[in-house]
Structure formats: C-alpha cells, structure tokens
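Okay, so here's the structure we're looking at.
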Protein chains: 2
Amino acid sequence: MPAIEIVPSEVTFDDIHKASERIRPIAKRTPVMHSRGFDAEAKVAAFFKCENFQTGGAFKIRGASNFVYSIPEADLPRGVVAFSSGNHAQAVAIAARSLGIPATLVMPTDAPRSKLEATRAQGAKIVEYDRFRDDRAAIGARIAAETGATLVPPFDHPWIIAGQGTAALELLEEVPDLDALVAPIGGGGLMSGCSIAAKHLRPRIRVIGVEPEKGNDAFLSLAAGKRVEVPPPDTIADGLRTPVPGAITFPILQRNVERVVLVSDDEIRAAVKFLLTRLKILVEPSGAVGAAAALFGKLPAELGRVGIVLSGGNVDFDLLAGF
Amino acid sequence: MPAIEIVPSEVTFDDIHKASERIRPIAKRTPVMHSRGFDAEAKVAAFFKCENFQTGGAFKIRGASNFVYSIPEADLPRGVVAFSSGNHAQAVAIAARSLGIPATLVMPTDAPRSKLEATRAQGAKIVEYDRFRDDRAAIGARIAAETGATLVPPFDHPWIIAGQGTAALELLEEVPDLDALVAPIGGGGLMSGCSIAAKHLRPRIRVIGVEPEKGNDAFLSLAAGKRVEVPPPDTIADGLRTPVPGAITFPILQRNVERVVLVSDDEIRAAVKFLLTRLKILVEPSGAVGAAAALFGKLPAELGRVGIVLSGGNVDFDLLAGF
C-alpha cells in the first residue's frame, strides 16, 4: 500500500474541503435538526447534525468513501479490507460496492446483528473475531498481506480524518454562529476531522468531546498528555469501544479539544429515549453521547448555541426495546 | 357557537390555500423523506410526508390551529374545548396556548400516557372518560354549553378539513408528479382535506385510504354508499379508532377516494419497526398504516410514485418496546 505511506499526517481544512467534493456522489448532506423541547430540557440551544440519516446510517461513509475514492487506480482491483465494530465496515462495503471492487470486513462476533447484516447485504465478505481475545488489526493486516487488498483504517489516517471532518464543515455552513461543537470520541477520527473544520471556520469555537464512562481512553490520554490504553470498554456505546486514541488523531485532539466529558450508559440510554420519543429520531447509543452530555448537565454552563453531532442510528430493535 | 353554524360544508382548494397562510406561525412545513431501502422492499417509489416531525408530533395542529385562529375574536376569551384520543387534544392545547386562551380536553382514560402528559404540559385542563362507556361528544358539548367555550371538533368541520389538507398541498408542491396519494382514515378529516388539495393540484392522482382491519368503518361505509358505524375499534392504531366517518368528511371521501385498503395490527407493527430501524424515524401505529399498506402489497401494483402521509409520531416507549 505505497499510497498510504506517502500521505502526510497533517490534515488541513483544504483536505476536508476537497473531501467534501470527492464524497458528494455517495455521502448525503444530512439535515440539521433543532428542538425547542430538547433546548428547554438541556438549557442550551442545540443544533443536531443528523448523521443517523447518513448513507449506511452513520457518519462513517464520509471517511470511508474519501479513503476508498483516493486509492490509486492500479490498487483498486485487489479490493479493500477493514476491521470495525460495524458502522465503518458497512461504510467501507458501500464505498467498495459503488466502485465494483471486493471488500472483506473483520467484525466482532458481538457486533449488533443489524450492522453485520447490513454489511453482508452490501455484498461484502465478513470475517468475525472475538473482541476480547483476537487482535482485529492483526487479522486485517494478514488479509491485506495475503490478498493485496488495501486496508481501510477505521480512524487513524489523514484521508479518513479529512472525510469525517466534512460533517462539521456542513454543520457550520448551515449554523455558523455556534459557541461549541460537541462530538463523540471513539478512535478520534470524527472528532479530529470535525475539530479542524470547526476551528478553521470559527476559530473561537469551543470543541468538547464526549466518551462513555467505561470507554474513557481519550479523557485519560488528554489528562496524561500521552496516549493511554484502557481494557476493552464494556459499554452500550458499541461504536466507542476503541481502547486508545490514534497516533495521528491524538495530537489533533490535544491541539483542538478543550475537554472530554463522560456520560454513563444509563445517561446514554435516556438520551436515546429522549431523541426517540420527543424528536422522533432513532440515534444509536454511540451517536447519542453528545445529546446525553447536554441533557445531563455535562457541558459548560455558559454555552449558548451548541452543535452536536448525532453520529449514527444503527441499533438493533431488541437492544432498544430493553432500554 | 354561532360562527360554526354559518360555515358552508363545502371545502375548496382556496380554503386550504388560505389555511396554509393562517397556520404558518405554528405549523411546520415538514420534510418529505425518501428511502431507497423502503422502495426496494415495497417495490414502489415512496415519498413520505413526515408529520411525525410536526408541532405536537402529528398533523393535527394543521386543522386545530386553522380552526382556533378562525374563531371570532369575541368568542376567544371563553376558550376552547375538544375531545380526542390524544393528538387532536394536544394540537388544540398548543393552538389555544399560542393565543393565551383556556383549553379543556376530553381524553380517553386509555390514551397513550405520552399524549395525556404532552397535552397537560401545554397548560390544558384534562377531563378523562371511558372510551367503551361514555359519550365523549356529549361530554364535550356539555362543557361547551356550561363554559361558553368553543368546541373544536376533531375532524368533521370545514375549518379542520381545510387545515389538514395543507399537508397534501405541501407534499405536492415538493413532489408534483405523484401517481397516488395514500393517507390514513380515522374520522376522515386528514384524508378529505388532503384529497381536495391533491385532486386540485393533480386531477388524475389516485387517492387511496388506509384503515386498520379492526377499524374499517370508512371501508364499509364506502362499500355501502352510506355511513356505517362499527363497534369501538380494538386496534393498536389508537388515532384511527373513530367508529364512523364524519357527516361532512364522508361525501368528500365518496367523491375522491378510489379505494380503502386494510392493514392488520401485525402489519402496522412491522411498518413501525421498518421505519424506525431503516429510516431512523419514529412513527406511531396510526401514522404508519400507509407505509404498512405499501410494504405488504396492499396498494395497486401498477403505481410508480406514491406520496404517503406519515401522520404522527406520538407513541409510548413501553408500547413500542413490546413490538
């Protein structure tokens, strides 16, 4: 994969802007929703970037398609491989299918069935692994070596980061006068890309990350000033179970993120229910952490207008029914 | 209530157009959604008018606010009274509150708690009644007589019908080339108003009503050529439990509705789940009957592009979890 190695690790606003053009054929410009009921409850004016309505049901198609569409043409026929808890896998499968190239996805056996099935429905090959025992990165690398497929990393790559940043680009184009941007942090791809776009468009914007209490690797890492790895996180937010921030994303988080706030699984469930019954939209647990932070008073009190990325909507009905 | 008696029972497109101006301060222009996944499953191109995102969570604010804003000014201070399974009650409460006038709502004891609570939260007075024993119309009329409040009928009034018709007006403005319009029939207010708007804007459009199997009063009435009353319908679609079409709505349905198709409660539940997990939107059982008809092959096979009114999104989480 020579193309990957020569990419500079720096990501600029220009990269994000170019990504927004590149991914236009496949990624939707998702709506921004506003709810007086939510604002009254959270005591803040919240503007939701609804990536639950995105192609594949999550923001991941932004980075995945920006990456896949950037692969040198000579490498494309050997296809792509990726490892993911679900949304990235589905996004890579969709992007690969749009180019007619093969895709192999390494997914945990306990990924939501809806995510496994949706990925399979895209015509991708699924390789399951045990999240508590196997090394998914090693499995992905082995498949890449054996098949010559290009590995599409889930977050720690400039092409991925630039793609994810287009969510904040669109949000700030639509609602320019935000005091803060709030987004979940898993591996940091979404937050690093979005923070670059937001800080460029509105230099004084405050950038606040959100993690589940049991998946607080970015929180600990920013406090320690270095990347800290936690045990495999046991949280309902299945998209935020990454145990350590990325080598490329972490310095960007250090530069741009003012603070990381933590929400409990109960708070996440309550936020999912609030968004469902009051705003009438389905947001998955990982996608609802920003709304949970707002609803449960975890954001700085002095904020007026806050942009919150609802990063995805893929949740099994049976899981939801148990909330 | 002299103002009500002198209103002609005919409803014209002009009435609907004027209603759309009148209700603009309070009723949202709701989005129209389209889903390739739904289309593939239903084998039709469906365009959803998302009244689940409407003020109060249902289309009812259109008719209720058109009515309340048409009450002669001298009558306003004595307030309004209405009877409803929930969505109309909430809509009347919201419209009354916007004018600062009192509202009394007569609601069944088994109405969804979310609807009762949302109505109460608007500052309205709630009077509960037993749906299988009491005569809600009589209770409403008695309160109107005692207090001088204006009775806001749930469906059978030209002002209500004209207001509800604005949903189809907006839908056809956004997607003009529809082969058919599909909407639920409860008392017939939504369908009669929407059919007038649709037939005016697109004379050859086919208008198809949907009812739950167990609340098939419009189906039976159209077949009989006269209004037929059924026993209180026992269906999950709580907004479609009206036992008989209205005296004013029925002739309009006779003129404009090509056929009424029936869906089972199981089909309704499946449609709610499909809209939830695939489109990421919450639609209440009554609101999902049109989608159920499309998903379960109840619509004429030769239709290409179909506008479907998703009429509301107010459903208790506990009920939903049991689906």
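Chain lettering (A, B, ...) mirrors the order of the structure tokens, residue numbering begins at 1 for each chain separately, and ligand numbering begins at 1 in order of display.
With only C-alpha atoms taken into account, chain B has Lys280, Ile281, Leu282 and Ala321 of chain B at most 6 Å from chain A.
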Write the selection just made, keeping N, CA, C and O atoms, as a PDB file, in the first residue's frame?
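Saved file part_9.pdb follows:
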```
ATOM      1  N   LYS B 280     -34.833   5.384  10.429  1.00  0.00           N
ATOM      2  CA  LYS B 280     -34.425   6.045  11.678  1.00  0.00           C
ATOM      3  C   LYS B 280     -35.435   7.077  12.157  1.00  0.00           C
ATOM      4  O   LYS B 280     -35.065   8.065  12.797  1.00  0.00           O
ATOM      5  N   ILE B 281     -36.706   6.887  11.811  1.00  0.00           N
ATOM      6  CA  ILE B 281     -37.727   7.816  12.288  1.00  0.00           C
ATOM      7  C   ILE B 281     -38.797   7.056  13.061  1.00  0.00           C
ATOM      8  O   ILE B 281     -39.104   5.910  12.762  1.00  0.00           O
ATOM      9  N   LEU B 282     -39.338   7.735  14.078  1.00  0.00           N
ATOM     10  CA  LEU B 282     -40.390   7.132  14.885  1.00  0.00           C
ATOM     11  C   LEU B 282     -41.749   7.602  14.376  1.00  0.00           C
ATOM     12  O   LEU B 282     -42.029   8.803  14.340  1.00  0.00           O
ATOM     13  N   ALA B 321     -41.642  -0.781  22.715  1.00  0.00           N
ATOM     14  CA  ALA B 321     -40.693  -1.818  23.113  1.00  0.00           C
ATOM     15  C   ALA B 321     -41.312  -3.206  23.025  1.00  0.00           C
ATOM     16  O   ALA B 321     -40.608  -4.197  22.865  1.00  0.00           O
TER      17      ALA B 321
END
```
Closest-contact table, segment 175-222 of chain B side, partner segment 246-263 of chain B, 9 Å, counting only C-alpha atoms, as JSON lines:
```
{"residue": "B:Ile185", "atom": "CA", "partner": "B:Val260", "partner_atom": "CA", "distance": 8.5}
{"residue": "B:Gly187", "atom": "CA", "partner": "B:Gly246", "partner_atom": "CA", "distance": 5.8}
{"residue": "B:Gly188", "atom": "CA", "partner": "B:Thr249", "partner_atom": "CA", "distance": 5.5}
{"residue": "B:Gly189", "atom": "CA", "partner": "B:Thr249", "partner_atom": "CA", "distance": 6.2}
{"residue": "B:Met191", "atom": "CA", "partner": "B:Leu253", "partner_atom": "CA", "distance": 7.3}
{"residue": "B:Ser192", "atom": "CA", "partner": "B:Ile252", "partner_atom": "CA", "distance": 5.6}
{"residue": "B:Gly193", "atom": "CA", "partner": "B:Thr249", "partner_atom": "CA", "distance": 8.4}
{"residue": "B:Ser195", "atom": "CA", "partner": "B:Asn256", "partner_atom": "CA", "distance": 6.1}
{"residue": "B:Ile196", "atom": "CA", "partner": "B:Asn256", "partner_atom": "CA", "distance": 7.5}
{"residue": "B:Lys199", "atom": "CA", "partner": "B:Asn256", "partner_atom": "CA", "distance": 7.6}
{"residue": "B:Arg206", "atom": "CA", "partner": "B:Glu258", "partner_atom": "CA", "distance": 6.6}
{"residue": "B:Val207", "atom": "CA", "partner": "B:Val257", "partner_atom": "CA", "distance": 5.0}
{"residue": "B:Ile208", "atom": "CA", "partner": "B:Arg259", "partner_atom": "CA", "distance": 5.3}
{"residue": "B:Gly209", "atom": "CA", "partner": "B:Val260", "partner_atom": "CA", "distance": 4.5}
{"residue": "B:Val210", "atom": "CA", "partner": "B:Val261", "partner_atom": "CA", "distance": 5.0}
{"residue": "B:Glu211", "atom": "CA", "partner": "B:Leu262", "partner_atom": "CA", "distance": 5.1}
{"residue": "B:Pro212", "atom": "CA", "partner": "B:Val263", "partner_atom": "CA", "distance": 5.0}
{"residue": "B:Glu213", "atom": "CA", "partner": "B:Leu262", "partner_atom": "CA", "distance": 5.1}
{"residue": "B:Lys214", "atom": "CA", "partner": "B:Leu262", "partner_atom": "CA", "distance": 8.7}
{"residue": "B:Gly215", "atom": "CA", "partner": "B:Leu262", "partner_atom": "CA", "distance": 8.8}
{"residue": "B:Asn216", "atom": "CA", "partner": "B:Leu262", "partner_atom": "CA", "distance": 7.2}
{"residue": "B:Ala218", "atom": "CA", "partner": "B:Val260", "partner_atom": "CA", "distance": 7.3}
{"residue": "B:Phe219", "atom": "CA", "partner": "B:Val260", "partner_atom": "CA", "distance": 5.4}
{"residue": "B:Ser221", "atom": "CA", "partner": "B:Phe250", "partner_atom": "CA", "distance": 8.4}
{"residue": "B:Leu222", "atom": "CA", "partner": "B:Gln254", "partner_atom": "CA", "distance": 6.4}
```
Q.
Which of segment 165-309 of chain A end up as alpha helix (DSSP H) when DSSP is run on this backbone - answer as JSON, numbers by chain?
A. {"A": [165, 166, 167, 168, 169, 170, 171, 172, 173, 174, 189, 190, 191, 192, 193, 194, 195, 196, 197, 198, 199, 200, 201, 217, 218, 219, 220, 221, 222, 223, 224, 249, 250, 251, 252, 253, 254, 255, 256, 265, 266, 267, 268, 269, 270, 271, 272, 273, 274, 275, 276, 277, 289, 290, 291, 292, 293, 294, 295]}
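Within 10 Å of Glu173 of chain A, once only C-alpha atoms are used and residues closer than 5 positions along the same chain are dropped, the contacting residues are Ala168, Ala198 and Leu201 of chain A.
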(Q) Write out as a list in words the set of residues from segment 87-222 of chain B that DSSP, computed on the backbone, places in strand (DSSP E). (A)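 Output for segment 87-222 of chain B, strand (DSSP E) only: Ala103, Thr104, Leu105, Val106, Met107, Pro108, Lys125, Ile126, Val127, Glu128, Tyr129, Thr150, Leu151, Ala180, Leu181, Val182, Ala183, Pro184, Arg206, Val207, Ile208, Gly209, Val210, Glu211 and Pro212 of chain B.
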(Q) With only C-alpha atoms as the counted atoms, please give the residues lying no more than 8 Å from segment 78-85 of chain B, apart from itself and same-chain residues fewer than 4 positions off, as number ranges by chain. (A) B: 68, 89, 92, 96, 101-108, 111, 136-137, 140, 143-144, 147-154, 238-239
Q. Looking at B:Leu295, B:Val32, B:Ile205, B:Val289, which one is nearest to Ala180 of chain B, with distances taken over only C-alpha atoms?
A.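 Of the candidates, the smallest distance to Ala180 of chain B is held by B:Ile205.
Atom CA of Ala292 of chain B to atom CA of Ala271 of chain B spans 4.9 Å [interatomic distance, one decimal].
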